[in-house]
Structure formats: C-alpha cells, structure tokens
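Please read the structure below before turning to the comments.
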Amino acid sequence: MATFGKTNFDTTVYAASRPTYPQALYDFIFDFHKRSPDAKFERAVDLGCGTGQATVELKPFTYVTGVDPSENMIRSAREILENERDSDRRGPVIDFVQGSAEKLDFLPNDSTDLIIAAQAGHWFDWSTMWPELARVMRKGATAAFWIYSEFRLPQYPTLTPLIVAYDQGTDPSTSLGPYWQQPGRTVLVNHLVGIPEGNDVVPGAFESLDRVYFTGAYYPELPSARPIVLRKAMSWEDLLGYFRTWSALLTFKERHPSDAAHPDGPLEVRFWKALREGAPRAGGLPDTVEVEWPVAMVLARKAI
C-alpha cells in the first residue's frame, strides 16, 4: 500500500493505534491447519506484515518470516522484535524480508506450511498471487487472509450513518471516500468476496476456499456470520489516534493542506467531535468507548 511505504509515515503511531487480533482468531486458523492430514508446523510466512503484529503470533511454527514492501515497516518490525525479545524466550525463529507478496523468491518450492496476510490481502494481485502460493506451499499447507472493515460503536448504533458518511461518502471536502486507494478498498469493504478461487487461476492446486465472516449482526446479507471477535475498549483520545492512521486521511491531508487551519479543527477532529456530540449519554460522556470491527477471512488449503 503506497501510503504506508512513504518514509514520513509514522509506523510507531500506526503500531500503537491499530487494533490487535485476539488469540481466538489465530487459534481458528491453527485449528483449520491441523485438520489437514498433511499439516506440518515448520515454516510460516506473514505477507504484508507491517510492523509484525501478526508475525510474532505464529508461535506453533519453527521458522516465521514477515514480508512487507515498505522499508520503513520492515525496519520498525525488526526494532519492535528486538525490543521485545527475551533472551530466554521460547518460540519460533523470526526474521523479516522486504519484498512483494506476489514474488517470494527467497522461498523454495514446496517449502511453506502456513501463509497469512492480516489487513493486506485486499491489495494483492491475485492473478500472480495464486501461482506464487501454489509454488511455495507444501501439500496440505494453509493460506489465511483476513481484513477488518469499517468500525462500529455498539454502544451508539445511531452513529453508524455518520461513520459510513465519513468513510464512504463522495464529498471530497467532508469525507474520505474519494481518497481510498482502489481497487483494494472496494475489495475490503466487500469482505474479500472479490478474491477469486485459487483453482480458477491455478486449476487443481487448491481445495475450495472457505470464506468466514466474524461480522455479527452488522452485515445480515453475509452467509453464516459468526460473532464479532475483534473489539477494543478505547479512550476517546485513542480513537482519534486510530483515525489518524487511516491511509485515506493521509492522502486527504496531502491534497488539502489548508484543512489543518480549519476553525473547527482538521477533518478527522471534526468527525471525532461529531461522534462525541452525537453519542447518547446519561450522566455525561464515558471516558472509554467500545469499538468493534467486523472481520472477513479467506482460508485456502494446498491440494497437491
């Protein structure tokens, strides 16, 4: 994603402000992988790893590699890993490689047991991604790609239209809709349904995709929706910090530098204030707010 690769992008704020994935999500993937009679737990790879949040959670595997096209992200991932490393720490051998998800030249054929992508798969070119996965994955290996979509405030459901208008609106002066990079954002908003079957690209290489939706009641049109698993209690200030990591906002600021001098604050602050003002309250606005993110996941298993 081009915005996150810029040298002035603050990866420290990004890592601190984004939601972290619960252990239940990783366990769901590991359990899927274990159901293959050919499952091994030797090598795992995290594509579009960013600062390595998901990379370090692939603990059942012996060797884990995070891959990201951004030099800045890879540098931060290595620094975070080094700062958190315990000399007596048990777990996988972890390294990071700068590179493209669709071109994994450092991996031999039939060498990898698990490949994941957290909040990155919507950017991939699947016409080249599936052939590369078919090359590097062993028989019985698992690929798991997931995203979280537009946040929700379950305490304040009446604020959802305001969130949608800010995130998906078409007015370039009051919403971020025109500033999301495409087609990736549309793939994300549509819960990864745009990712094609692997066998449509590499016939016979994969079993049929499993599409899983941890979306609760937010999207009733999605089949067999499971309960929400990604949630976080945040202070209102932390919520504002999260808003400031959105790639579309960074693009908006580049194109409209004068917005910083708006008398009511910059765009993200105006949105944040509107949420606070619109939140129904009894006895004052609470210090923290519950935030939920619907998650969509695609699971693939190598067939041959």
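Ordered as shown in the structure tokens, chains take letters A, B, and onward, while each chain numbers its residues from 1 and ligands are numbered from 1 in the order shown.
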Polymer residues at most 10 Å from A:Asp125, only C-alpha atoms, same-chain spacing of 6 or more positions, as a VMD selection string: chain A and resid 101 to 102 184 195
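Atom to atom, atom CA of A:Met234 and atom CA of A:Val291 stand 7.1 Å apart.
Distance annotation: of A:Ala117, A:Ile80, A:Leu107, A:Ser173, the residue with the minimal separation from A:Ser258 is A:Ser173; atom set is only C-alpha atoms.
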Neighbour list for A:Ala248 as a PyMOL selection string, cut-off 7 Å, only C-alpha atoms, skip fewer than 3 positions in-chain: chain A and resi 176+179-180+251-252
Same residues, N, CA and C atoms, saved as a compact mmCIF listing (two decimals), in the first residue's frame:
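So the final result, stored in result.txt, reads:
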# COMPACT_ATOMS: atom_id res chain seq x y z
N LEU A 176 -13.85 10.80 3.39
CA LEU A 176 -12.62 10.16 2.90
C LEU A 176 -12.87 9.22 1.73
N TYR A 179 -10.64 9.24 -1.33
CA TYR A 179 -9.20 9.20 -1.09
C TYR A 179 -8.66 7.81 -0.78
N TRP A 180 -9.54 6.82 -0.74
CA TRP A 180 -9.06 5.45 -0.55
C TRP A 180 -8.44 4.94 -1.84
N THR A 251 -3.81 10.80 2.62
CA THR A 251 -3.94 11.30 1.24
C THR A 251 -4.72 12.61 1.21
N PHE A 252 -5.81 12.66 1.99
CA PHE A 252 -6.61 13.89 2.07
C PHE A 252 -5.74 15.07 2.53
Strand (DSSP E) call set, DSSP backbone run, stretch 7-251 of chain A, as an MDAnalysis selection string: chainID A and resid 43:47 63:68 93:98 112:118 137:148 210:214 230:235
Residues near A:Asn109, cut-off 9 Å, only C-alpha atoms, skip fewer than 4 positions along chain, as a compact mmCIF listing (two decimals) with N, CA and C atoms, in the first residue's frame:
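The resulting file, around34.txt, is reproduced below:
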# COMPACT_ATOMS: atom_id res chain seq x y z
N ALA A 134 0.86 -21.37 -5.01
CA ALA A 134 0.91 -22.76 -5.46
C ALA A 134 2.36 -23.26 -5.53
N ARG A 135 3.27 -22.37 -5.84
CA ARG A 135 4.68 -22.77 -5.93
C ARG A 135 5.29 -23.03 -4.55
N VAL A 136 5.04 -22.14 -3.58
CA VAL A 136 5.79 -22.22 -2.31
C VAL A 136 5.10 -23.07 -1.25
N MET A 137 3.80 -23.30 -1.36
CA MET A 137 3.09 -24.06 -0.34
C MET A 137 3.27 -25.56 -0.54
N ARG A 138 3.47 -26.27 0.59
CA ARG A 138 3.51 -27.72 0.54
C ARG A 138 2.08 -28.27 0.39
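For the choices A:Gly278, A:Pro157, A:Gly121, A:Gly265, the atom-to-atom distance to A:His191 is smallest for A:Gly121 when using only C-alpha atoms.
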Contacts of stretch 19-25 of chain A at 12 Å (only C-alpha atoms; same-chain gap of 6+ positions) as a PyMOL selection string: chain A and resi 13+31-32+51-59+116+118-119+144-149+151+212-214+226-234+238-239+241-243+245+290-297
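Atom CA of A:Trp236 sits 25.3 Å away from atom CA of A:Leu188.
We find atom CA of A:Thr142 and atom CA of A:Ala300 to be spaced 5.7 Å apart.
Ranking A:Ala141, A:Leu299, A:Ala225, A:Ala165 by their shortest atom-to-atom distance to A:Pro196, with only C-alpha atoms included, puts A:Leu299 first.
The residues of stretch 211-251 of chain A that DSSP assigns to helix (DSSP H, G or I) on this backbone come out as Trp236, Glu237, Asp238, Leu239, Leu240, Gly241, Tyr242, Phe243, Ser247, Ala248, Leu249, Leu250 and Thr251 of chain A.
The nearest approach to A:Arg270 among the residues A:Thr174, A:Ser127, A:Asn190, A:Val164, with only C-alpha atoms taken into account, belongs to A:Thr174.
Ranking A:Phe61, A:Asp105, A:Lys253, A:Leu114 by their shortest atom-to-atom distance to A:Arg90, with only C-alpha atoms included, puts A:Phe61 first.
In this comparison, which uses only C-alpha atoms, the residue of A:Leu81, A:Ala303, A:Val193, A:Ala274 approaching A:Leu159 most closely is A:Ala274.
Using only C-alpha atoms, the residues found no farther than 6 Å from A:Met73, other than those of its own chain fewer than 2 positions away, are Gly50, Thr51, Ser70, Glu71, Arg75 and Ser76 of chain A.
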